[in-house]
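> Here you go, this is run.tsv (TSV, C-alpha atoms).
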```tsv
chain	number	residue	atom	x	y	z
A	67	ASP	CA	154.47	80.99	100.84
A	68	VAL	CA	152.44	84.18	100.96
A	69	PRO	CA	151.16	85.00	104.46
A	70	ASP	CA	147.44	84.65	105.08
A	71	ASP	CA	146.97	88.38	105.67
A	72	TYR	CA	149.21	90.27	103.27
A	73	GLY	CA	149.08	94.00	102.45
A	74	LEU	CA	150.88	95.96	99.72
A	75	GLU	CA	151.62	99.65	99.45
A	76	TYR	CA	153.36	101.69	96.75
A	77	GLY	CA	156.43	103.88	97.05
A	78	ASP	CA	158.94	104.58	99.84
A	79	GLU	CA	161.23	101.86	98.52
A	80	GLU	CA	163.38	101.74	95.40
A	81	PRO	CA	161.73	99.59	92.68
A	82	ALA	CA	163.66	96.49	91.68
A	83	THR	CA	163.46	97.58	88.02
A	84	LYS	CA	162.42	100.61	86.01
A	85	SER	CA	159.07	99.01	85.10
A	86	LYS	CA	156.18	101.44	85.03
A	87	PRO	CA	153.60	100.75	87.77
A	88	GLY	CA	150.27	99.44	86.58
A	89	ILE	CA	151.57	97.95	83.32
A	90	PRO	CA	150.45	94.28	83.16
A	91	ARG	CA	153.15	91.78	82.31
A	92	LYS	CA	153.03	88.11	81.44
A	93	VAL	CA	154.15	86.06	84.41
A	94	PRO	CA	155.84	82.74	83.50
A	95	ILE	CA	154.50	80.04	85.82
A	96	SER	CA	155.64	76.43	85.78
A	97	ILE	CA	153.22	73.49	86.05
A	98	LYS	CA	154.52	72.75	89.55
A	99	GLU	CA	153.88	76.33	90.64
A	100	ALA	CA	150.42	76.33	89.05
A	101	MET	CA	149.34	73.52	91.38
A	102	SER	CA	149.66	75.87	94.36
A	103	ALA	CA	147.56	79.03	94.56
A	104	LYS	CA	150.05	80.52	97.02
A	105	LYS	CA	152.98	79.91	94.69
A	106	VAL	CA	151.07	81.48	91.79
A	107	LEU	CA	150.33	84.52	93.95
A	108	GLN	CA	153.95	84.79	95.08
A	109	LYS	CA	155.17	84.68	91.47
A	110	ILE	CA	152.71	87.39	90.44
A	111	LEU	CA	153.79	89.52	93.38
A	112	ASP	CA	157.45	89.09	92.49
A	113	VAL	CA	157.04	90.01	88.83
A	114	GLN	CA	154.03	92.28	88.57
A	115	PHE	CA	154.10	94.19	91.85
A	116	TYR	CA	157.57	94.22	93.36
A	117	GLU	CA	159.29	95.12	90.10
A	118	SER	CA	156.86	98.02	89.71
A	119	GLY	CA	157.62	99.65	93.03
A	120	TRP	CA	155.14	97.95	95.36
A	121	HIS	CA	156.28	96.37	98.60
A	122	GLU	CA	154.84	94.60	101.62
A	123	SER	CA	153.02	96.90	104.01
A	124	LEU	CA	153.55	96.43	107.73
A	125	SER	CA	150.86	98.99	108.51
A	126	ASP	CA	147.22	98.19	109.29
A	127	THR	CA	146.10	101.34	107.49
A	128	LYS	CA	148.57	102.28	104.72
A	129	TRP	CA	148.03	99.21	102.56
A	130	ALA	CA	146.31	99.68	99.19
A	131	ILE	CA	145.95	96.02	98.16
A	132	LYS	CA	145.40	93.15	100.59
A	133	PHE	CA	145.43	89.39	100.03
A	134	ILE	CA	143.47	87.45	102.64
A	135	GLY	CA	142.79	83.76	103.19
A	136	LEU	CA	139.38	82.12	103.15
A	137	GLU	CA	139.59	80.59	106.60
A	138	SER	CA	140.92	83.55	108.56
A	139	HIS	CA	138.32	86.17	107.60
A	140	SER	CA	134.58	86.05	108.16
A	141	ASP	CA	132.14	87.62	105.71
A	142	GLU	CA	131.66	90.44	108.22
A	143	LYS	CA	135.40	91.17	108.17
A	144	ILE	CA	135.43	91.11	104.37
A	145	TYR	CA	132.54	93.61	104.29
A	146	GLU	CA	134.51	95.80	106.68
A	147	LEU	CA	137.58	95.74	104.43
A	148	LEU	CA	135.51	96.39	101.30
A	149	ALA	CA	134.03	99.49	102.93
A	150	LYS	CA	137.46	101.12	103.17
A	151	LYS	CA	137.75	103.79	100.47
A	152	GLY	CA	140.57	103.31	97.99
A	153	LYS	CA	141.38	99.80	99.21
A	154	ILE	CA	141.38	96.60	97.16
A	155	ILE	CA	141.09	93.07	98.57
A	156	ASN	CA	141.05	89.69	96.85
A	157	ARG	CA	137.81	88.30	98.32
A	158	TYR	CA	134.08	88.86	98.08
A	159	PRO	CA	131.64	88.02	100.88
A	160	GLY	CA	130.09	84.59	100.46
A	161	ILE	CA	132.92	83.29	98.29
A	162	ARG	CA	133.19	80.21	100.52
A	163	SER	CA	129.88	79.01	99.08
A	164	LEU	CA	131.56	78.39	95.74
A	165	GLY	CA	134.18	76.15	97.33
A	166	ALA	CA	131.90	73.93	99.41
A	167	LYS	CA	130.06	71.38	97.27
A	168	ASN	CA	126.90	71.36	99.39
A	169	GLU	CA	126.62	75.16	99.37
A	170	LEU	CA	127.36	75.24	95.64
A	171	GLN	CA	124.54	72.75	95.07
A	172	LYS	CA	122.11	75.09	96.83
A	173	LEU	CA	123.25	77.93	94.57
A	174	VAL	CA	122.80	75.72	91.49
A	175	VAL	CA	119.23	74.90	92.55
A	176	MET	CA	118.54	78.60	93.03
A	177	ALA	CA	120.13	79.52	89.69
A	178	THR	CA	118.19	76.78	87.90
A	179	ALA	CA	114.91	78.17	89.23
A	180	ILE	CA	115.89	81.66	88.09
A	181	ASN	CA	116.88	80.36	84.65
A	182	LYS	CA	113.49	78.69	84.24
A	183	ALA	CA	111.79	81.94	85.18
A	184	VAL	CA	113.64	83.81	82.42
A	185	ASP	CA	113.16	81.00	79.88
A	186	LEU	CA	116.70	79.59	80.07
A	187	PRO	CA	115.90	76.17	81.59
A	188	LYS	CA	118.82	74.28	80.00
A	189	LEU	CA	121.62	76.67	80.93
A	190	LEU	CA	122.89	74.42	83.75
A	191	ASN	CA	121.78	71.03	82.46
A	192	PHE	CA	125.41	69.85	82.15
A	193	ILE	CA	125.53	69.40	85.94
A	194	PRO	CA	124.64	65.86	87.08
A	195	LYS	CA	121.66	65.41	89.37
A	196	THR	CA	123.00	66.23	92.82
A	197	PHE	CA	121.76	65.66	96.36
A	198	ASN	CA	123.06	67.06	99.63
A	199	PHE	CA	123.39	64.29	102.20
A	200	PRO	CA	121.75	63.68	104.60
A	201	GLU	CA	119.14	66.45	104.16
A	202	ASP	CA	118.22	65.25	100.64
A	203	LYS	CA	118.21	61.58	101.62
A	204	ASP	CA	114.51	61.09	100.83
A	205	LYS	CA	114.81	62.87	97.47
A	206	PHE	CA	117.82	60.75	96.62
A	207	ALA	CA	116.01	57.54	97.57
A	208	LYS	CA	113.07	58.46	95.33
A	209	SER	CA	115.32	59.37	92.41
A	210	ALA	CA	117.41	56.21	92.78
A	211	LYS	CA	114.26	54.07	92.88
A	212	ASN	CA	112.76	55.71	89.79
A	213	LYS	CA	116.01	55.61	87.84
A	214	PRO	CA	118.55	53.08	89.14
A	215	GLY	CA	122.19	53.51	88.27
A	216	LEU	CA	125.61	54.35	89.61
A	217	PHE	CA	126.15	57.14	92.12
A	218	ILE	CA	129.20	58.91	93.48
A	219	ALA	CA	129.51	60.48	96.93
A	220	LYS	CA	132.01	63.22	97.80
A	221	PRO	CA	132.76	65.22	100.96
A	222	SER	CA	131.39	68.75	100.74
A	223	ALA	CA	134.72	70.28	101.69
A	224	GLY	CA	137.00	67.56	100.33
A	225	GLY	CA	139.46	67.54	97.49
A	226	MET	CA	142.23	65.64	95.69
A	227	GLY	CA	140.08	62.51	95.33
A	228	ASP	CA	140.00	61.71	99.04
A	229	ASN	CA	137.02	59.89	100.60
A	230	ILE	CA	135.08	59.43	97.37
A	231	TYR	CA	132.73	56.45	97.06
A	232	VAL	CA	130.89	54.86	94.14
A	233	PHE	CA	127.81	52.70	94.74
A	234	LYS	CA	124.71	51.43	92.97
A	235	ASP	CA	121.61	52.42	94.93
A	236	ILE	CA	120.26	53.61	98.27
A	237	LYS	CA	120.65	50.14	99.77
A	238	ASN	CA	124.36	50.16	99.01
A	239	VAL	CA	125.29	53.57	100.39
A	240	PRO	CA	128.67	53.03	102.10
A	241	ASP	CA	128.79	53.48	105.86
A	242	GLN	CA	131.36	56.24	105.38
A	243	VAL	CA	128.77	58.43	103.62
A	244	LYS	CA	127.48	60.45	106.55
A	245	GLU	CA	127.34	64.17	107.27
A	246	ASP	CA	128.19	66.93	104.80
A	247	MET	CA	128.41	64.86	101.63
A	248	VAL	CA	127.04	65.35	98.14
A	249	ILE	CA	125.75	62.47	96.02
A	250	GLN	CA	125.59	62.69	92.23
A	251	ARG	CA	124.69	60.38	89.41
A	252	TYR	CA	127.93	58.92	88.13
A	253	ILE	CA	128.72	59.92	84.55
A	254	GLU	CA	129.38	56.54	82.95
A	255	LYS	CA	130.23	57.93	79.51
A	256	PRO	CA	132.48	60.91	80.25
A	257	PHE	CA	134.11	63.08	77.63
A	258	LEU	CA	137.65	61.77	77.13
A	259	ILE	CA	140.82	62.94	75.43
A	260	ASP	CA	142.92	60.04	74.13
A	261	GLY	CA	140.95	57.77	76.45
A	262	LEU	CA	141.79	59.80	79.56
A	263	LYS	CA	139.53	61.65	81.96
A	264	PHE	CA	140.59	65.22	82.61
A	265	ASP	CA	139.59	68.49	84.15
A	266	LEU	CA	140.37	72.12	83.43
A	267	ARG	CA	141.59	74.67	85.93
A	268	MET	CA	140.79	78.15	84.67
A	269	TYR	CA	141.76	81.38	86.40
A	270	VAL	CA	139.12	84.10	86.76
A	271	VAL	CA	139.34	87.50	88.40
A	272	LEU	CA	136.05	88.92	89.66
A	273	THR	CA	136.40	92.70	89.78
A	274	GLY	CA	132.90	93.94	90.52
A	275	MET	CA	129.18	93.29	90.73
A	276	GLU	CA	127.71	96.74	90.19
A	277	ASP	CA	124.17	97.30	88.92
A	278	GLY	CA	123.42	93.59	88.88
A	279	ASN	CA	126.20	92.90	86.37
A	280	ILE	CA	129.19	90.69	87.07
A	281	HIS	CA	132.53	92.03	85.88
A	282	ALA	CA	135.06	89.25	85.45
A	283	PHE	CA	138.20	88.47	83.45
A	284	LEU	CA	139.24	85.01	82.28
A	285	ALA	CA	142.96	84.35	81.88
A	286	ASP	CA	144.08	83.39	78.37
A	287	GLU	CA	145.93	80.37	79.73
A	288	GLY	CA	144.83	77.67	82.15
A	289	LEU	CA	145.77	74.20	83.31
A	290	ALA	CA	144.56	70.83	81.99
A	291	ARG	CA	144.98	67.88	84.36
A	292	PHE	CA	144.81	64.34	82.98
A	293	CYS	CA	144.41	60.96	84.64
A	294	THR	CA	147.44	58.74	84.36
A	295	GLU	CA	145.46	55.65	83.36
A	296	PRO	CA	142.84	55.20	80.61
A	297	TYR	CA	139.20	55.31	81.66
A	298	VAL	CA	137.57	51.89	81.93
A	299	LYS	CA	133.79	51.68	81.62
A	300	VAL	CA	132.06	50.29	84.68
A	301	THR	CA	130.84	46.71	84.24
A	302	PRO	CA	129.49	44.05	86.63
A	303	ALA	CA	132.88	42.35	86.39
A	304	ASN	CA	134.96	45.31	87.54
A	305	PHE	CA	132.54	47.11	89.87
A	306	ARG	CA	132.24	46.86	93.60
A	307	ASN	CA	130.84	49.32	96.11
A	308	GLN	CA	133.87	51.29	97.22
```
Re-express the file's structure as structure tokens.

Amino acid sequence: DVPDDYGLEYGDEEPATKSKPGIPRKVPISIKEAMSAKKVLQKILDVQFYESGWHESLSDTKWAIKFIGLESHSDEKIYELLAKKGKIINRYPGIRSLGAKNELQKLVVMATAINKAVDLPKLLNFIPKTFNFPEDKDKFAKSAKNKPGLFIAKPSAGGMGDNIYVFKDIKNVPDQVKEDMVIQRYIEKPFLIDGLKFDLRMYVVLTGMEDGNIHAFLADEGLARFCTEPYVKVTPANFRNQ
């Protein structure tokens, strides 16, 4: 696995091949490798960088490109690294907010308000009604009372389907739903492919945010992940708070 704080510099070592530096190449990545961000990064380093004459830098100052982890660097440290002239790092300050569901919800609320102000009110209407728990408990109770239905609760920082609960209304909120959770209306008629629920993992590189414009590149290829069992519509016969 790639270390959490990993710098690269160019030159001083013989390239593994005669590839010209800076020439992008397609990097073959297996499905198993694609499930791990670190393995994807290692494969890219092996093919795109090492074969072009780059190598790991053991210096705190000579590196030109640095890969850093989310947990080990504060926003202040990221700002400090970004301020270094001629240096490139793989993080932007505040990027953690996109990975935590409760923080992302706050950004969605903010973006929705901005969209309404510029006459684009439906730009984010594909996102289910979402509440941060417990701070939005009263708002959730009011919404659930006005429009009963199924709800799903997820940990703000969770993943891989762990600690997710489905319930019917505010009276049936599971005891496990406590701090740092998000609650959404459950989508009872999801879009399916061959009867299966799925999600898409797309790879985006954010390269700049100058002059109020976001500069980003979307990879041509991504990953589609499918459930292993067909989706079954929720009915009174098969539902229980869980």
> The centre and edge lengths of an axis-aligned box containing all atoms of stretch 288-297 of chain A present in the file, extended by 4 Å on each side, are to be given in Å to one decimal, as AutoDock Vina command-line options.

```
--center_x 143.3 --center_y 66.4 --center_z 82.6 --size_x 16.2 --size_y 30.5 --size_z 12.0
```
> Just give me the gap between atom CA of A:Arg251 and atom CA of A:Ala219 in Å, one decimal is fine.
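Going from atom CA of A:Arg251 over to atom CA of A:Ala219 covers 8.9 Å.
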> Using all atoms listed in the file, determine which residues lie at most 12 Å from A:Ile161, disregarding the query and same-chain residues fewer than 2 positions distant; provide the list as a PyMOL selection string.
chain A and resi 135-137+139-141+144-145+156-159+163-166+169-170+173+272
> What's the separation between atom CA of A:Phe292 and atom CA of A:Tyr269, in Å to one decimal place?
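Computing it gives 17.6 Å between the two atoms.
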> Which residue is closest to A:Leu289? Choose from A:Ile154, A:Met268, A:Ala303, A:Leu148 and count all atoms listed in the file.
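Closest to A:Leu289 of all the choices is A:Met268.
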> As an exercise, work out the distance from atom CA of A:Lys143 to atom CA of A:Val271 in Å and give it to one decimal place.
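Those two atoms sit 20.5 Å apart.
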